[in-house]
Amino acid sequence: MSDEESYVQVIDEKELEEGKMKLVRVDGTPVLFIKKNSKIYVIDNRCPHMGVGLSGGILDDTFVVCPSHEWRFSLETGEYEHDPSYKLVAYPFKIKEGKIWVKVEEDF
């Protein structure tokens with residue numbers, strides 16, 4: 001499978017609202033789309049600390065806050081603010097003709 005073929009069309013870019021999160025399953029994987037400051041982030045919905053769904057949390061400036069223990073993860077770096085060894089899984093994505101395509105694989 002070529003790199004191009006490994007991307008899956010998921011949602012329209014216009015479905016993402018500024019300052020909001022949108023949870024979508026991509027090939028069975030819970031993927032969280034976030035639009036913040038006109039920038040799009042595509043991350044695994046599971047907190048790297050205990051696997052809790054981040055979609056139940058909140059956005060605080062450029063951080064997503066886990067609803068379980070209020071851990072704050074930077075949308076820019078993916079790192080937990082107090083221990084960078086805990087890091088969000090960010091998925092490669094591209095936008096073509098207003099559609100967001102995501103690559104959800106174990107070894108990207």
# chains A, B, ... in the order shown; residues from 1 in each chain; ligands from 1
>>> residues_around(residues="stretch 13-18 of chain A", least_positions_apart="5", cutoff="9 Å", atoms="only C-alpha atoms", output="MDAnalysis selection string")
chainID A and resid 33:40 95 98:100
>>> write_last_selection(atoms="N, CA and C atoms", output="PDB file, in the first residue's frame")
ATOM      1  N   PHE A  33     -10.615  15.371  16.776  1.00  0.00           N
ATOM      2  CA  PHE A  33     -10.271  16.510  15.929  1.00  0.00           C
ATOM      3  C   PHE A  33     -10.500  17.771  16.746  1.00  0.00           C
ATOM      4  N   ILE A  34      -9.529  18.667  16.715  1.00  0.00           N
ATOM      5  CA  ILE A  34      -9.628  19.918  17.470  1.00  0.00           C
ATOM      6  C   ILE A  34      -9.242  21.061  16.542  1.00  0.00           C
ATOM      7  N   LYS A  35     -10.036  22.125  16.594  1.00  0.00           N
ATOM      8  CA  LYS A  35      -9.673  23.346  15.866  1.00  0.00           C
ATOM      9  C   LYS A  35      -9.487  24.450  16.894  1.00  0.00           C
ATOM     10  N   LYS A  36      -8.274  24.957  16.973  1.00  0.00           N
ATOM     11  CA  LYS A  36      -7.943  25.986  17.955  1.00  0.00           C
ATOM     12  C   LYS A  36      -7.046  27.024  17.297  1.00  0.00           C
ATOM     13  N   ASN A  37      -7.423  28.277  17.399  1.00  0.00           N
ATOM     14  CA  ASN A  37      -6.677  29.373  16.776  1.00  0.00           C
ATOM     15  C   ASN A  37      -6.481  29.127  15.279  1.00  0.00           C
ATOM     16  N   SER A  38      -7.533  28.647  14.645  1.00  0.00           N
ATOM     17  CA  SER A  38      -7.573  28.355  13.199  1.00  0.00           C
ATOM     18  C   SER A  38      -6.652  27.219  12.773  1.00  0.00           C
ATOM     19  N   LYS A  39      -6.083  26.511  13.719  1.00  0.00           N
ATOM     20  CA  LYS A  39      -5.202  25.385  13.418  1.00  0.00           C
ATOM     21  C   LYS A  39      -5.912  24.085  13.790  1.00  0.00           C
ATOM     22  N   ILE A  40      -5.688  23.040  12.984  1.00  0.00           N
ATOM     23  CA  ILE A  40      -6.323  21.753  13.223  1.00  0.00           C
ATOM     24  C   ILE A  40      -5.324  20.783  13.851  1.00  0.00           C
ATOM     25  N   ILE A  95      -5.400  17.901   4.172  1.00  0.00           N
ATOM     26  CA  ILE A  95      -6.676  18.437   3.725  1.00  0.00           C
ATOM     27  C   ILE A  95      -6.624  18.562   2.209  1.00  0.00           C
ATOM     28  N   GLY A  98     -11.213  20.406   0.800  1.00  0.00           N
ATOM     29  CA  GLY A  98     -12.113  20.603   1.925  1.00  0.00           C
ATOM     30  C   GLY A  98     -12.379  19.375   2.770  1.00  0.00           C
ATOM     31  N   LYS A  99     -11.761  18.252   2.432  1.00  0.00           N
ATOM     32  CA  LYS A  99     -11.925  17.007   3.192  1.00  0.00           C
ATOM     33  C   LYS A  99     -10.660  16.738   3.999  1.00  0.00           C
ATOM     34  N   ILE A 100     -10.836  16.224   5.215  1.00  0.00           N
ATOM     35  CA  ILE A 100      -9.682  15.877   6.044  1.00  0.00           C
ATOM     36  C   ILE A 100      -9.443  14.381   5.925  1.00  0.00           C
TER      37      ILE A 100
END
>>> residues_around(residues="A:Glu79", least_positions_apart="5", cutoff="10 Å", atoms="only C-alpha atoms", output="list of chain:residue names")
A:Pro48, A:Phe63, A:Arg72, A:Phe73, A:Ser74, A:Pro84, A:Ser85, A:Tyr86, A:Lys87, A:Leu88, A:Val89
>>> select_by_dssp(residues="chain A", states="helix (DSSP H, G or I)", output="ChimeraX atom specification")
/A:4-6,13-15,54-56
>>> atom_distance(atom1="atom CA of A:Thr29", atom2="atom CA of A:Tyr80")
21.6 Å
>>> residues_around(residues="A:Leu23", least_positions_apart="3", cutoff="9 Å", atoms="only C-alpha atoms", output="number ranges by chain")
A: 30-34, 45, 55
>>> write_last_selection(atoms="N, CA and C atoms", output="compact mmCIF listing (two decimals), in the first residue's frame")
# COMPACT_ATOMS: atom_id res chain seq x y z
N PRO A 30 -10.64 5.67 18.18
CA PRO A 30 -11.24 6.95 18.54
C PRO A 30 -10.26 8.10 18.28
N VAL A 31 -10.63 8.95 17.33
CA VAL A 31 -9.76 10.04 16.92
C VAL A 31 -10.44 11.37 17.26
N LEU A 32 -9.70 12.26 17.88
CA LEU A 32 -10.22 13.55 18.30
C LEU A 32 -9.69 14.65 17.40
N PHE A 33 -10.61 15.37 16.78
CA PHE A 33 -10.27 16.51 15.93
C PHE A 33 -10.50 17.77 16.75
N ILE A 34 -9.53 18.67 16.71
CA ILE A 34 -9.63 19.92 17.47
C ILE A 34 -9.24 21.06 16.54
N ASN A 45 -7.94 9.89 20.96
CA ASN A 45 -8.82 10.36 22.01
C ASN A 45 -8.43 9.85 23.39
N SER A 55 -12.12 13.50 24.89
CA SER A 55 -13.27 14.25 24.39
C SER A 55 -14.21 14.67 25.52
>>> residues_around(residues="A:Glu105", least_positions_apart="3", cutoff="10 Å", atoms="only C-alpha atoms", output="ChimeraX atom specification")
/A:6-7,27,29,91-92,102,108
>>> select_by_dssp(residues="chain A", states="strand (DSSP E)", output="ChimeraX atom specification")
/A:8-12,20-26,29-36,39-44,58-60,63-65,72-74,79-80,83-87,93-96,99-102
>>> write_last_selection(atoms="N, CA and C atoms", output="compact mmCIF listing (two decimals), in the first residue's frame")
# COMPACT_ATOMS: atom_id res chain seq x y z
N VAL A 8 -7.22 7.90 5.09
CA VAL A 8 -8.65 7.65 4.99
C VAL A 8 -9.38 8.99 5.08
N GLN A 9 -10.32 9.21 4.16
CA GLN A 9 -11.13 10.42 4.22
C GLN A 9 -12.08 10.30 5.40
N VAL A 10 -12.10 11.33 6.26
CA VAL A 10 -12.88 11.21 7.49
C VAL A 10 -14.03 12.22 7.57
N ILE A 11 -13.72 13.51 7.54
CA ILE A 11 -14.77 14.53 7.70
C ILE A 11 -14.48 15.72 6.79
N ASP A 12 -15.49 16.56 6.64
CA ASP A 12 -15.30 17.84 5.95
C ASP A 12 -14.64 18.82 6.90
N LYS A 20 -13.52 23.98 19.42
CA LYS A 20 -14.33 22.81 19.75
C LYS A 20 -13.57 21.52 19.42
N MET A 21 -14.04 20.42 20.03
CA MET A 21 -13.50 19.10 19.77
C MET A 21 -14.58 18.26 19.07
N LYS A 22 -14.15 17.36 18.19
CA LYS A 22 -15.08 16.47 17.50
C LYS A 22 -14.49 15.07 17.51
N LEU A 23 -15.21 14.13 18.12
CA LEU A 23 -14.76 12.75 18.21
C LEU A 23 -15.33 11.94 17.05
N VAL A 24 -14.44 11.22 16.34
CA VAL A 24 -14.83 10.39 15.21
C VAL A 24 -14.06 9.07 15.31
N ARG A 25 -14.71 7.98 14.96
CA ARG A 25 -14.00 6.69 14.89
C ARG A 25 -13.45 6.51 13.49
N VAL A 26 -12.16 6.21 13.41
CA VAL A 26 -11.50 5.97 12.13
C VAL A 26 -10.97 4.54 12.17
N THR A 29 -10.66 3.25 15.60
CA THR A 29 -9.83 4.01 16.54
C THR A 29 -10.52 5.34 16.87
N PRO A 30 -10.64 5.67 18.18
CA PRO A 30 -11.24 6.95 18.54
C PRO A 30 -10.26 8.10 18.28
N VAL A 31 -10.63 8.95 17.33
CA VAL A 31 -9.76 10.04 16.92
C VAL A 31 -10.44 11.37 17.26
N LEU A 32 -9.70 12.26 17.88
CA LEU A 32 -10.22 13.55 18.30
C LEU A 32 -9.69 14.65 17.40
N PHE A 33 -10.61 15.37 16.78
CA PHE A 33 -10.27 16.51 15.93
C PHE A 33 -10.50 17.77 16.75
N ILE A 34 -9.53 18.67 16.71
CA ILE A 34 -9.63 19.92 17.47
C ILE A 34 -9.24 21.06 16.54
N LYS A 35 -10.04 22.13 16.59
CA LYS A 35 -9.67 23.35 15.87
C LYS A 35 -9.49 24.45 16.89
N LYS A 36 -8.27 24.96 16.97
CA LYS A 36 -7.94 25.99 17.96
C LYS A 36 -7.05 27.02 17.30
N LYS A 39 -6.08 26.51 13.72
CA LYS A 39 -5.20 25.39 13.42
C LYS A 39 -5.91 24.09 13.79
N ILE A 40 -5.69 23.04 12.98
CA ILE A 40 -6.32 21.75 13.22
C ILE A 40 -5.32 20.78 13.85
N TYR A 41 -5.81 20.04 14.84
CA TYR A 41 -5.03 19.00 15.51
C TYR A 41 -5.82 17.71 15.42
N VAL A 42 -5.14 16.60 15.16
CA VAL A 42 -5.79 15.30 15.07
C VAL A 42 -5.01 14.35 16.00
N ILE A 43 -5.67 13.95 17.09
CA ILE A 43 -4.98 13.16 18.12
C ILE A 43 -5.82 11.94 18.50
N ASP A 44 -5.17 10.97 19.12
CA ASP A 44 -5.87 9.83 19.68
C ASP A 44 -6.71 10.36 20.84
N ILE A 58 -11.81 19.33 28.52
CA ILE A 58 -12.03 20.69 28.01
C ILE A 58 -10.78 21.18 27.29
N LEU A 59 -10.96 22.23 26.51
CA LEU A 59 -9.84 22.94 25.93
C LEU A 59 -9.56 24.16 26.79
N ASP A 60 -8.29 24.37 27.10
CA ASP A 60 -7.87 25.52 27.89
C ASP A 60 -6.70 26.15 27.15
N PHE A 63 -4.21 23.88 25.29
CA PHE A 63 -4.09 22.62 26.01
C PHE A 63 -5.42 21.88 25.96
N VAL A 64 -5.35 20.55 25.90
CA VAL A 64 -6.52 19.72 26.11
C VAL A 64 -6.36 19.14 27.51
N VAL A 65 -7.43 19.21 28.31
CA VAL A 65 -7.37 18.81 29.71
C VAL A 65 -8.16 17.51 29.89
N ARG A 72 -2.97 18.33 31.78
CA ARG A 72 -3.01 19.25 30.63
C ARG A 72 -1.94 18.87 29.62
N PHE A 73 -2.39 18.64 28.39
CA PHE A 73 -1.49 18.28 27.30
C PHE A 73 -1.47 19.39 26.26
N SER A 74 -0.27 19.79 25.87
CA SER A 74 -0.10 20.83 24.86
C SER A 74 -0.57 20.32 23.50
N GLU A 79 2.81 17.12 24.67
CA GLU A 79 3.39 16.75 25.96
C GLU A 79 2.54 17.17 27.15
N TYR A 80 2.55 16.32 28.18
CA TYR A 80 1.95 16.66 29.46
C TYR A 80 2.82 17.76 30.07
N ASP A 83 5.41 16.50 32.79
CA ASP A 83 6.28 15.36 32.50
C ASP A 83 6.17 15.02 31.01
N PRO A 84 7.11 15.53 30.20
CA PRO A 84 7.02 15.35 28.75
C PRO A 84 7.14 13.90 28.28
N SER A 85 7.42 12.97 29.20
CA SER A 85 7.45 11.56 28.78
C SER A 85 6.04 11.04 28.50
N TYR A 86 5.03 11.72 29.03
CA TYR A 86 3.63 11.41 28.68
C TYR A 86 3.26 12.31 27.51
N LYS A 87 2.96 11.69 26.39
CA LYS A 87 2.73 12.47 25.18
C LYS A 87 1.53 11.92 24.41
N PHE A 93 -2.25 13.98 9.02
CA PHE A 93 -3.46 14.25 8.26
C PHE A 93 -3.15 15.25 7.15
N LYS A 94 -4.05 15.31 6.20
CA LYS A 94 -3.94 16.31 5.14
C LYS A 94 -5.33 16.74 4.75
N ILE A 95 -5.40 17.90 4.17
CA ILE A 95 -6.68 18.44 3.72
C ILE A 95 -6.62 18.56 2.21
N LYS A 96 -7.60 17.91 1.56
CA LYS A 96 -7.70 17.96 0.10
C LYS A 96 -9.13 18.29 -0.26
N LYS A 99 -11.76 18.25 2.43
CA LYS A 99 -11.93 17.01 3.19
C LYS A 99 -10.66 16.74 4.00
N ILE A 100 -10.84 16.22 5.21
CA ILE A 100 -9.68 15.88 6.04
C ILE A 100 -9.44 14.38 5.92
N TRP A 101 -8.22 14.04 5.54
CA TRP A 101 -7.77 12.66 5.39
C TRP A 101 -6.80 12.36 6.51
N VAL A 102 -6.95 11.21 7.16
CA VAL A 102 -6.13 10.85 8.31
C VAL A 102 -5.45 9.51 8.08
>>> atom_distance(atom1="atom CA of A:Gly19", atom2="atom CA of A:Asp61")
8.7 Å
